[in-house]
Amino acid sequence: MILAVLPLSRFVLGLLCRLSERTARLLAAVGWCISAALTIFLIVETRDGSTITVVLGGWSADLGIVLRFDAVSAAVCPLVLLLELAAILYVRRDAPRPLFYALLQFLLGAVFALLLSQDLFNEYVILELLTLVGFLLVGYDRRPTQVWASLKYLVLASIGMGFFLIGVAVVYRHTGTLNLGLLAEIVADRPDAPWVTLAATLLTAGVAVKAGLFGFSQWLPAAHSAAPPAVSALLSGLVIKMGIVVILRLSQVFPLGTTLQILGAATALLGVVYTAYARNLKRMLAFSTLSQIGYLVLGLAIGTPQALAGVLDYAIAHGLFKGLLFLAAGEASRAVGSGRFSDLVSKRAAIPNATVVALLVGTLGIVGLPPLAGFGAKAVLLGSHPNVFVVTILVLTSIGTAFSFARLLPLFRFRRTAPRPSKRIAAYAVLALPILFFVPLTGVTLPSLQLGSGLRPLLVVESVGAIAIGLLLHRLTERRAPRLPKRIFFLEEATLAILIGLLLVFLCLRV
Amino acid sequence: MIARTALLALLPIVAAIALTQRRRLTAIIGMGLFSFLLAVSYLLLHAPDVALTEATIGLGLITAIYVLAIRRTGRLTVVADEAPGLFVREGDRIVGLEHEILARFARHLGLDLSVQFVPHRDVADLVRSGEADVGAGGWVLGEEAGVFATRPHLDTALFTVGGTKEGTGEGVPRVRYEGYFADLDPKSLYTAETPVTLDLARFLAVQRSDVPDDSVTRHPQPRGYAFVVNGRRRDLHSALDAYIERLREDGELDRLAGRFLA
Amino acid sequence: MRPRPFHLLAIVCTVCVVLVVLLAFHSVDPETAPHATYVERPVAETGATNRVASVYLNYRLYDSLLELLVFFVAVLGVRFYLGARERPDVPPLAESEVVRTSAALLFPLAVLLGVYLAALGQISPGGGFGAGVIAASGLLLTSIALGIDAIDRRIRRNAMERIERGALLVLLLLMLLPLPLGRPAFADLLPKGAPGAVLSGGSIPLYNVLIALKVVAGAWLILRSFVRHRGEI
Amino acid sequence: MAFSVGVVLFGIGLVAIAIRRDLVIKLLALGLTNAGSILCLVAVGDRPDARVPICAVCRDAIYADPLPQALVLSAIVINFAILALALVFVMRLVERYRSTDSRHIEDLVQRDLDEGGGP
């Protein structure tokens, strides 16, 4: 019934906003209100853990396309609304053309559609729509460096989707259905069939390209750092998580335990290493997105309901502070004229106060200072007492993140000269407040995510310890960055990396 | 049944041939043929809707937009490799003696100049295949099948650089400089085993004083820089020759040489 | 192209992937039960004898809608990135008399074929998309023969934009209309008619015509941008 | 048999994307990979000696499965959309960097990024 209205309303509004920039902004506001109302109604409806299932066109489940609003949609929808509000408030100053708002509406419509989708091919089409709209938004300023970054993004995402389509063909060949629910039953009674391994490999490798796993998503650093600030925030905070949502759905159908553990660990560690030695603020944020995705995939690898709640919690937390960081980094780079750390620190007087505060809140969130968002989510994740290997990876990555974000410290010192005030305080506030009051807010709106987390003293000590070690390491090692291999991010090498990644996934599933 | 397996077996062959073509236009037409065969094989797989869609989009639209994107009319297409002083990329502008001559020649013909940087070895192929009208970028006069060289507009000399002590004898194969000038690394040039022959402009750019001058041999006979034009385009070739002669007569050529090759 | 190590590595990895996929795929008995879920449904359910059209425009209409949106975003993108500078002085491609007369002959044929495929998509293979593209190719042929400016005078650009947007908007609203009428979204509203007749298939012919309209406009806008900006690579 | 040809086409396309440095040939190869994955999907729906699924009563003979064919109609259109946009972006790149060699453009982009102090 009204489930289908959530994405479709966005598509209709996207089609309408074409005349003047003012009407486009008005339609964006209307769209936001409709989605907010629907989301609140649906969350209240599924408060007791139930789900709402609709088959489009009134057919039976094995004929039509099934949409379902479950815990995952309930968790991510609020994040979508917050990030959209922040992006629109941020972009209002630059008065973009109506096309930007149309693309924004299509992007959000596709995100809502994917959150509700329970059908393999439906997810393929929505991921392609997300790729296309993301591709256009990354290259929106039409600067040649952006054009090159988005072309690489499109080619690699298209190769990934090619693998995904072959996976869909294999699944349909051996089961005759594309519905995830029916599929789960069929796979459950013969999990060791050879076609299950093949289908799981193709589908996971295909969607890994979109989901930001190291080796598969070599396009991510260039694309997320080249994009305009508001787009980077949406891409890193939201669109990249759609890949994770699809991997989550696949992990509920196929036995992906060990594979996700290895992929998640590799992504987290390699991502943090590149984060530590990135010379440019936006590139560092893009690499840190890569490593934080490692967190989410590790959480999925654990697989217990508690871990799933932890993953959703951290997805929201990461979306908030990464979005805030990208918005603030965009304005800081524009105020200083260049994104390099050396220029940012030397010319920090030019950065408005509000931006510095936003950067501070974002950094505290991402390193996991106790009361804030990062810590709350990690607590739930660590609370699901995963095995030793996963805990060590999580702690190591926290230390690495603290180590790399320590470079922003010189920005936060008090400055006498009052630079011109920032015009984007509203956008920062929309994201900063939920970060600061994360634990109470999620407790109220999404109780299912706070499964017995509690601020246990052990977790507090662990988080603060990780931050301290990171700062200490930063103070000790002086800044001669080792030469990290850049060739892996070229187009040809990235294609090869996807192939090798696919073979790796196949081996993991086989053993 | 045989026809079906034969056709399906043919698909990878046609695709492989199409993608290994050097000329882009042939590759596009090859992929058009591949789309046609694919549409026919969909018919054999009992999927008429898919065959129609594949034929109209794969064969019709995609080939059309590729050909339109590549198609050249109303333009003088020049392919060249970077050559210091002759064809140099500065920011997003291009300067140099040869670029100036060709820009004026294009204006003289009422065409707009479109330049593309390619590796030195591809210049002759692209001109011979008709994909480009003129080849430039420090092209030293030499006999190339199917390609006309215009009368030289600037005299030059050839230098062989590098090669170990015993490597610079007569019998040793001299490798002509082939690749991108941007990729040429002066340091490794002098230490490479196989000696590389460079023209004057590029030699001056990579010359290093701290190297014993016996590892550099200058070829005695005089040489000249020239443009390369397709064998079938006699009109363009004679027009370019006449234009360069006119520039030489009213001293414009020497003035330009002075300005770019200080 | 002397084989560099990177080339060999790429070939080896690809061959491994292809072999892995093929071996795993054929390792199970090929003859599993044929899936006849959609073929054996009674024709009265959707009224369309072309079962592919019934799946594409009735059972799984949501996917087709999303795919149309992908095409619409592509048209937006092409015109945003190519439309930066309209280059007026673009001479027509082919001046020869042969092309002009053959274009004059073929254009009506292309449009007729397009109309046929769009109208009878539910009983014969075809469908909205192929129809739209054929008609757009006919337009391309005439633009090559008569020059783009002649065509632009006859077919206004923003008229095409309105057709494209309008057709997609009507499609979206048609899919949401069943909701206020108490039926699930995307449900079929028109009478099914006798199977095999021209007016059968419920709202499938209406969807086909609307899709054909949208695709003619969209494909023509893309081709127009490419004809205006040709020869840039 | 057709599924295997589809996977082989996908492989050829991938090799061409990894090896050929010219962007136009890379996009043609991308078109080939997508065509390969589509052929796999159509091949899955076909039965030996099946008939075209256009029938009022479809129980008397073996018919090909219409679902993969319907899915493929969408996939072909999506691949056209991606190729058209990628081609437009290559035209923008050639206008600025005057070369269609991906490794050469990569170096020039890195040079622009270092000068401009990052994106």
# chains A, B, ... in the order shown; residues from 1 in each chain; ligands from 1
call {"tool": "residues_around", "arguments": {"residues": "region 171-182 of chain C", "least_positions_apart": "6", "cutoff": "12 Å", "atoms": "only C-alpha atoms", "output": "MDAnalysis selection string"}}
result
(chainID A and resid 1:16 56:58) or (chainID C and resid 57:58 60:62 64:66 68:69 164:165 188:190 203:204 206:214)
call {"tool": "write_last_selection", "arguments": {"atoms": "C-alpha atoms", "output": "PDB file, in the first residue's frame"}}
result
ATOM      1  CA  MET A   1       0.000   0.000   0.000  1.00  0.00           C
ATOM      2  CA  ILE A   2       1.783   3.243   0.933  1.00  0.00           C
ATOM      3  CA  LEU A   3       5.259   1.642   0.994  1.00  0.00           C
ATOM      4  CA  ALA A   4       5.617   2.268  -2.729  1.00  0.00           C
ATOM      5  CA  VAL A   5       4.798   5.959  -2.240  1.00  0.00           C
ATOM      6  CA  LEU A   6       8.077   6.605  -0.373  1.00  0.00           C
ATOM      7  CA  PRO A   7      10.392   6.236  -3.406  1.00  0.00           C
ATOM      8  CA  LEU A   8       7.824   7.191  -6.069  1.00  0.00           C
ATOM      9  CA  SER A   9       6.984  10.541  -4.470  1.00  0.00           C
ATOM     10  CA  ARG A  10      10.675  11.447  -4.791  1.00  0.00           C
ATOM     11  CA  PHE A  11      10.789  10.451  -8.463  1.00  0.00           C
ATOM     12  CA  VAL A  12       7.684  12.542  -9.263  1.00  0.00           C
ATOM     13  CA  LEU A  13       9.208  15.565  -7.500  1.00  0.00           C
ATOM     14  CA  GLY A  14      12.490  14.985  -9.305  1.00  0.00           C
ATOM     15  CA  LEU A  15      10.629  15.168 -12.619  1.00  0.00           C
ATOM     16  CA  LEU A  16       8.804  18.345 -11.652  1.00  0.00           C
ATOM     17  CA  LEU A  56       3.386  -4.630  -5.960  1.00  0.00           C
ATOM     18  CA  GLY A  57       0.486  -5.109  -8.325  1.00  0.00           C
ATOM     19  CA  GLY A  58      -1.365  -7.379  -5.908  1.00  0.00           C
TER      20      GLY A  58
ATOM     21  CA  LEU C  57       4.736  -4.217 -18.075  1.00  0.00           C
ATOM     22  CA  ASN C  58       2.506  -5.911 -15.511  1.00  0.00           C
ATOM     23  CA  ARG C  60       7.340  -6.498 -12.713  1.00  0.00           C
ATOM     24  CA  LEU C  61       6.287  -3.016 -13.821  1.00  0.00           C
ATOM     25  CA  TYR C  62       8.330  -1.456 -10.962  1.00  0.00           C
ATOM     26  CA  SER C  64      10.615  -1.134 -15.931  1.00  0.00           C
ATOM     27  CA  LEU C  65       9.753   2.167 -14.266  1.00  0.00           C
ATOM     28  CA  LEU C  66      13.167   2.338 -12.574  1.00  0.00           C
ATOM     29  CA  LEU C  68      12.959   4.395 -17.574  1.00  0.00           C
ATOM     30  CA  LEU C  69      14.220   6.672 -14.802  1.00  0.00           C
ATOM     31  CA  GLU C 164       9.628  13.243 -22.483  1.00  0.00           C
ATOM     32  CA  ARG C 165       8.855  14.637 -19.037  1.00  0.00           C
ATOM     33  CA  ASP C 188      -3.843  -2.870 -13.809  1.00  0.00           C
ATOM     34  CA  LEU C 189      -6.963  -0.689 -14.337  1.00  0.00           C
ATOM     35  CA  LEU C 190      -8.123  -1.108 -17.972  1.00  0.00           C
ATOM     36  CA  SER C 203      -3.115  -1.098 -19.737  1.00  0.00           C
ATOM     37  CA  ILE C 204      -0.092  -2.697 -21.438  1.00  0.00           C
ATOM     38  CA  LEU C 206      -1.133   2.358 -23.003  1.00  0.00           C
ATOM     39  CA  TYR C 207       2.181   1.827 -21.206  1.00  0.00           C
ATOM     40  CA  ASN C 208       3.824   0.794 -24.477  1.00  0.00           C
ATOM     41  CA  VAL C 209       2.689   3.964 -26.278  1.00  0.00           C
ATOM     42  CA  LEU C 210       3.762   6.194 -23.383  1.00  0.00           C
ATOM     43  CA  ILE C 211       7.165   4.488 -23.192  1.00  0.00           C
ATOM     44  CA  ALA C 212       7.565   4.842 -26.970  1.00  0.00           C
ATOM     45  CA  LEU C 213       6.780   8.579 -26.737  1.00  0.00           C
ATOM     46  CA  LYS C 214       9.246   9.075 -23.912  1.00  0.00           C
TER      47      LYS C 214
END
call {"tool": "interface_residues", "arguments": {"of": "chain B", "to": "chain C", "cutoff": "10 Å", "atoms": "only C-alpha atoms", "output": "list in words"}}
result
Ala47, Pro48, Asp49, Val50, Ala51, Leu52, Thr53, Glu54, Ala55, Thr56, Ile57, Gly60, Leu61, Ala64, Ile65, Tyr66, Val67, Leu68, Ala69, Ile70, Arg71, Arg72, Thr73, Gly74, Arg75, Ser114 and Gln116 of chain B
call {"tool": "atom_distance", "arguments": {"atom1": "CA of Asp46 (chain D)", "atom2": "CA of Leu45 (chain B)"}}
result
6.0 Å
call {"tool": "atom_distance", "arguments": {"atom1": "CA of Phe227 (chain B)", "atom2": "CA of Val78 (chain B)"}}
result
9.9 Å
call {"tool": "residues_around", "arguments": {"residues": "Val297 (chain A)", "least_positions_apart": "5", "cutoff": "12 Å", "atoms": "only C-alpha atoms", "output": "ChimeraX atom specification"}}
result
/A:204,208,211-214,241,243-248,251,256-268,290-292,302-303,307-308,310-312,314-315,381,390,393-394
call {"tool": "write_last_selection", "arguments": {"atoms": "C-alpha atoms", "output": "PDB file, in the first residue's frame"}}
result
ATOM      1  CA  THR A 204      29.159 -10.439  -3.263  1.00  0.00           C
ATOM      2  CA  ALA A 208      31.548  -5.136  -3.134  1.00  0.00           C
ATOM      3  CA  ALA A 211      30.069  -1.058  -1.168  1.00  0.00           C
ATOM      4  CA  GLY A 212      33.533   0.391  -0.651  1.00  0.00           C
ATOM      5  CA  LEU A 213      35.634  -2.693   0.098  1.00  0.00           C
ATOM      6  CA  PHE A 214      39.397  -2.258  -0.438  1.00  0.00           C
ATOM      7  CA  LYS A 241      26.026   2.275   2.760  1.00  0.00           C
ATOM      8  CA  GLY A 243      26.210  -1.432  -0.928  1.00  0.00           C
ATOM      9  CA  ILE A 244      26.478  -2.522   2.714  1.00  0.00           C
ATOM     10  CA  VAL A 245      22.669  -2.905   2.924  1.00  0.00           C
ATOM     11  CA  VAL A 246      22.744  -5.241  -0.096  1.00  0.00           C
ATOM     12  CA  ILE A 247      25.643  -7.219   1.420  1.00  0.00           C
ATOM     13  CA  LEU A 248      23.577  -7.437   4.623  1.00  0.00           C
ATOM     14  CA  SER A 251      24.488 -12.410   4.214  1.00  0.00           C
ATOM     15  CA  LEU A 256      29.156 -15.409   3.967  1.00  0.00           C
ATOM     16  CA  GLY A 257      30.663 -15.533   7.488  1.00  0.00           C
ATOM     17  CA  THR A 258      34.408 -16.045   6.886  1.00  0.00           C
ATOM     18  CA  THR A 259      34.555 -14.141   3.585  1.00  0.00           C
ATOM     19  CA  LEU A 260      33.171 -10.965   5.136  1.00  0.00           C
ATOM     20  CA  GLN A 261      35.565 -11.325   8.051  1.00  0.00           C
ATOM     21  CA  ILE A 262      38.603 -11.396   5.757  1.00  0.00           C
ATOM     22  CA  LEU A 263      37.302  -8.656   3.434  1.00  0.00           C
ATOM     23  CA  GLY A 264      36.320  -6.475   6.386  1.00  0.00           C
ATOM     24  CA  ALA A 265      39.680  -6.888   8.105  1.00  0.00           C
ATOM     25  CA  ALA A 266      41.603  -6.111   4.896  1.00  0.00           C
ATOM     26  CA  THR A 267      39.449  -3.045   4.205  1.00  0.00           C
ATOM     27  CA  ALA A 268      39.723  -1.702   7.745  1.00  0.00           C
ATOM     28  CA  LEU A 290      37.040   3.051   3.129  1.00  0.00           C
ATOM     29  CA  SER A 291      38.367   1.900   6.526  1.00  0.00           C
ATOM     30  CA  GLN A 292      35.108   2.571   8.428  1.00  0.00           C
ATOM     31  CA  ILE A 302      29.726 -11.800  13.285  1.00  0.00           C
ATOM     32  CA  GLY A 303      26.111 -12.301  12.303  1.00  0.00           C
ATOM     33  CA  ALA A 307      26.069  -7.497  15.954  1.00  0.00           C
ATOM     34  CA  LEU A 308      23.457  -6.586  13.324  1.00  0.00           C
ATOM     35  CA  GLY A 310      25.705  -2.696  16.161  1.00  0.00           C
ATOM     36  CA  VAL A 311      26.261  -2.478  12.401  1.00  0.00           C
ATOM     37  CA  LEU A 312      23.087  -0.430  11.854  1.00  0.00           C
ATOM     38  CA  TYR A 314      27.462   2.421  13.458  1.00  0.00           C
ATOM     39  CA  ALA A 315      26.124   2.992   9.934  1.00  0.00           C
ATOM     40  CA  LEU A 381      29.328  -3.603  18.193  1.00  0.00           C
ATOM     41  CA  VAL A 390      37.614  -9.149  15.103  1.00  0.00           C
ATOM     42  CA  ILE A 393      41.084  -5.433  14.130  1.00  0.00           C
ATOM     43  CA  LEU A 394      38.475  -3.023  15.573  1.00  0.00           C
TER      44      LEU A 394
END
call {"tool": "residues_around", "arguments": {"residues": "region 111-115 of chain C", "least_positions_apart": "2", "cutoff": "6 Å", "atoms": "only C-alpha atoms", "output": "VMD selection string"}}
result
chain C and resid 108 to 109 117 to 119 131 134 to 135
call {"tool": "interface_residues", "arguments": {"of": "chain D", "to": "chain B", "cutoff": "8 Å", "atoms": "only C-alpha atoms", "output": "PDB file with C-alpha atoms, in the first residue's frame"}}
result
ATOM      1  CA  MET D   1      26.553 -23.438 -24.152  1.00  0.00           C
ATOM      2  CA  ALA D   2      25.204 -19.871 -24.568  1.00  0.00           C
ATOM      3  CA  VAL D   5      29.827 -17.900 -24.461  1.00  0.00           C
ATOM      4  CA  VAL D   8      33.802 -15.799 -22.305  1.00  0.00           C
ATOM      5  CA  LEU D   9      32.599 -12.491 -23.821  1.00  0.00           C
ATOM      6  CA  ILE D  12      37.323 -10.741 -23.346  1.00  0.00           C
ATOM      7  CA  ALA D  16      40.454  -5.390 -23.256  1.00  0.00           C
ATOM      8  CA  VAL D  24      37.188   4.732 -26.722  1.00  0.00           C
ATOM      9  CA  ILE D  25      38.277   1.092 -27.040  1.00  0.00           C
ATOM     10  CA  LEU D  28      33.595  -0.536 -26.436  1.00  0.00           C
ATOM     11  CA  ALA D  29      35.006  -3.283 -24.198  1.00  0.00           C
ATOM     12  CA  LEU D  32      31.038  -6.015 -24.588  1.00  0.00           C
ATOM     13  CA  VAL D  42      18.990 -14.771 -21.709  1.00  0.00           C
ATOM     14  CA  ALA D  43      20.710 -18.157 -22.021  1.00  0.00           C
ATOM     15  CA  ASP D  46      16.123 -20.820 -22.867  1.00  0.00           C
ATOM     16  CA  ALA D  50      11.531 -24.436 -26.810  1.00  0.00           C
ATOM     17  CA  ARG D  51       9.178 -22.009 -28.578  1.00  0.00           C
ATOM     18  CA  VAL D  52       8.807 -18.240 -28.428  1.00  0.00           C
ATOM     19  CA  PRO D  53       6.651 -17.389 -25.335  1.00  0.00           C
ATOM     20  CA  ALA D  64      11.177 -20.321 -23.271  1.00  0.00           C
ATOM     21  CA  GLN D  69      13.862 -11.770 -21.359  1.00  0.00           C
ATOM     22  CA  VAL D  72      17.197  -8.152 -20.082  1.00  0.00           C
ATOM     23  CA  LEU D  73      15.087  -5.459 -21.779  1.00  0.00           C
ATOM     24  CA  ILE D  76      20.163  -3.353 -22.322  1.00  0.00           C
ATOM     25  CA  VAL D  77      18.657   0.100 -21.859  1.00  0.00           C
ATOM     26  CA  PHE D  80      23.084   2.153 -23.326  1.00  0.00           C
ATOM     27  CA  LEU D  83      27.779   4.093 -22.450  1.00  0.00           C
ATOM     28  CA  ALA D  84      26.232   7.314 -23.769  1.00  0.00           C
ATOM     29  CA  LEU D  87      31.245   8.760 -24.069  1.00  0.00           C
ATOM     30  CA  MET D  91      34.618  13.984 -25.022  1.00  0.00           C
ATOM     31  CA  ARG D  96      40.758  19.488 -21.877  1.00  0.00           C
ATOM     32  CA  TYR D  97      43.662  16.997 -22.034  1.00  0.00           C
ATOM     33  CA  ARG D  98      43.755  16.475 -25.838  1.00  0.00           C
ATOM     34  CA  SER D  99      44.503  12.770 -25.461  1.00  0.00           C
ATOM     35  CA  ASP D 101      45.240   7.579 -23.472  1.00  0.00           C
TER      36      ASP D 101
END
call {"tool": "residues_around", "arguments": {"residues": "region 150-158 of chain A", "least_positions_apart": "6", "cutoff": "8 Å", "atoms": "only C-alpha atoms", "output": "ChimeraX atom specification"}}
result
/A:128,131-132,135-136,138-139,209-210,217,219-220,223,491,494-495 /D:30,34,82,86,89-90
call {"tool": "closest_atom_pairs", "arguments": {"of": "chain D", "to": "chain C", "cutoff": "8 Å", "atoms": "only C-alpha atoms", "output": "tab-separated table"}}
result
residue	atom	partner	partner_atom	distance
D:Ser4	CA	C:Leu22	CA	6.3
D:Val7	CA	C:Val18	CA	6.3
D:Val8	CA	C:Val18	CA	6.4
D:Gly11	CA	C:Thr14	CA	5.7
D:Leu14	CA	C:Thr14	CA	7.2
D:Val15	CA	C:Ile11	CA	6.0
D:Ala18	CA	C:Ala10	CA	6.6
D:Ile19	CA	C:His7	CA	5.9
D:Arg47	CA	C:Pro34	CA	7.8
D:Pro53	CA	C:Arg51	CA	5.8
D:Ile54	CA	C:Asn50	CA	4.3
D:Cys55	CA	C:Thr49	CA	5.2
D:Ala56	CA	C:Thr49	CA	5.2
D:Val57	CA	C:Val43	CA	7.0
D:Cys58	CA	C:Glu40	CA	5.9
D:Arg59	CA	C:Glu40	CA	6.4
D:Tyr63	CA	C:Val39	CA	7.2
D:Asp65	CA	C:Ala36	CA	6.4
D:Pro66	CA	C:Val52	CA	4.8
D:Leu67	CA	C:Val55	CA	6.4
D:Gln69	CA	C:Val52	CA	6.5
D:Ala70	CA	C:Tyr56	CA	5.0
D:Leu71	CA	C:Tyr56	CA	7.3
D:Ser74	CA	C:Glu67	CA	5.7
D:Ala75	CA	C:Glu67	CA	7.9
D:Val77	CA	C:Phe71	CA	7.1
D:Ile78	CA	C:Val70	CA	6.5
D:Ala81	CA	C:Ala74	CA	5.3
D:Ile82	CA	C:Ala74	CA	7.3
D:Ala84	CA	C:Val78	CA	7.3
D:Leu85	CA	C:Val78	CA	5.9
D:Val88	CA	C:Val78	CA	6.5
D:Phe89	CA	C:Tyr81	CA	7.6
D:Val90	CA	C:Ile233	CA	7.6
D:Met91	CA	C:Ile233	CA	5.6
D:Arg92	CA	C:Tyr81	CA	7.8
D:Val94	CA	C:Ile233	CA	6.1
D:Glu95	CA	C:Glu232	CA	7.2
D:Thr100	CA	C:Ile233	CA	7.7
call {"tool": "closest_atom_pairs", "arguments": {"of": "chain A", "to": "chain D", "cutoff": "6 Å", "atoms": "only C-alpha atoms", "output": "Markdown table"}}
result
| residue | atom | partner | partner_atom | distance |
| --- | --- | --- | --- | --- |
| A:Thr145 | CA | D:Val109 | CA | 5.7 |
| A:Gly162 | CA | D:Ser37 | CA | 5.7 |
| A:Ile166 | CA | D:Ser37 | CA | 5.5 |
| A:Ala169 | CA | D:Leu41 | CA | 4.9 |
| A:Arg173 | CA | D:Val44 | CA | 5.7 |
| A:Ala226 | CA | D:Pro119 | CA | 5.2 |
| A:Ser338 | CA | D:Gly117 | CA | 4.7 |
| A:Gly339 | CA | D:Gly118 | CA | 5.2 |
| A:Arg340 | CA | D:Gly117 | CA | 5.8 |
| A:Glu492 | CA | D:Ala18 | CA | 4.6 |
call {"tool": "select_by_dssp", "arguments": {"residues": "region 86-154 of chain C", "states": "helix (DSSP H, G or I)", "output": "PyMOL selection string"}}
result
chain C and resi 97-119+128-146+148-154
call {"tool": "write_last_selection", "arguments": {"atoms": "C-alpha atoms", "output": "JSON list (two decimals), in the first residue's frame"}}
result
[["chain", "number", "residue", "atom", "x", "y", "z"],
["C", 97, "GLU", "CA", 21.61, 13.63, -53.26],
["C", 98, "VAL", "CA", 21.39, 9.87, -52.68],
["C", 99, "VAL", "CA", 21.27, 10.30, -48.91],
["C", 100, "ARG", "CA", 18.64, 13.02, -49.13],
["C", 101, "THR", "CA", 16.20, 10.98, -51.27],
["C", 102, "SER", "CA", 16.74, 7.75, -49.33],
["C", 103, "ALA", "CA", 16.15, 9.65, -46.09],
["C", 104, "ALA", "CA", 12.92, 11.06, -47.49],
["C", 105, "LEU", "CA", 11.81, 7.52, -48.34],
["C", 106, "LEU", "CA", 12.94, 5.78, -45.15],
["C", 107, "PHE", "CA", 11.77, 8.27, -42.54],
["C", 108, "PRO", "CA", 8.01, 7.58, -42.92],
["C", 109, "LEU", "CA", 8.78, 3.83, -42.94],
["C", 110, "ALA", "CA", 10.69, 4.13, -39.67],
["C", 111, "VAL", "CA", 7.88, 6.07, -38.02],
["C", 112, "LEU", "CA", 5.28, 3.56, -39.29],
["C", 113, "LEU", "CA", 7.33, 0.64, -37.93],
["C", 114, "GLY", "CA", 7.66, 2.48, -34.61],
["C", 115, "VAL", "CA", 3.91, 3.03, -34.35],
["C", 116, "TYR", "CA", 3.21, -0.62, -35.25],
["C", 117, "LEU", "CA", 5.61, -1.97, -32.62],
["C", 118, "ALA", "CA", 4.33, 0.39, -29.92],
["C", 119, "ALA", "CA", 0.66, -0.28, -30.59],
["C", 128, "GLY", "CA", 7.74, 0.55, -26.37],
["C", 129, "PHE", "CA", 11.47, 0.75, -26.25],
["C", 130, "GLY", "CA", 12.35, -0.73, -29.61],
["C", 131, "ALA", "CA", 9.62, 1.37, -31.21],
["C", 132, "GLY", "CA", 10.93, 4.60, -29.70],
["C", 133, "VAL", "CA", 14.48, 3.93, -30.76],
["C", 134, "ILE", "CA", 13.50, 3.08, -34.36],
["C", 135, "ALA", "CA", 11.55, 6.33, -34.69],
["C", 136, "ALA", "CA", 14.50, 8.27, -33.21],
["C", 137, "SER", "CA", 16.88, 6.61, -35.68],
["C", 138, "GLY", "CA", 14.57, 7.76, -38.48],
["C", 139, "LEU", "CA", 14.88, 11.32, -37.14],
["C", 140, "LEU", "CA", 18.68, 10.91, -37.03],
["C", 141, "LEU", "CA", 18.70, 9.83, -40.67],
["C", 142, "THR", "CA", 16.80, 12.94, -41.75],
["C", 143, "SER", "CA", 19.01, 15.17, -39.60],
["C", 144, "ILE", "CA", 22.05, 13.72, -41.41],
["C", 145, "ALA", "CA", 20.43, 14.33, -44.78],
["C", 146, "LEU", "CA", 18.87, 17.77, -44.29],
["C", 148, "ILE", "CA", 20.53, 19.59, -37.95],
["C", 149, "ASP", "CA", 19.33, 23.19, -38.24],
["C", 150, "ALA", "CA", 16.52, 22.22, -40.65],
["C", 151, "ILE", "CA", 15.32, 19.59, -38.21],
["C", 152, "ASP", "CA", 15.63, 21.91, -35.22],
["C", 153, "ARG", "CA", 13.36, 24.42, -36.90],
["C", 154, "ARG", "CA", 10.70, 21.79, -37.45]]
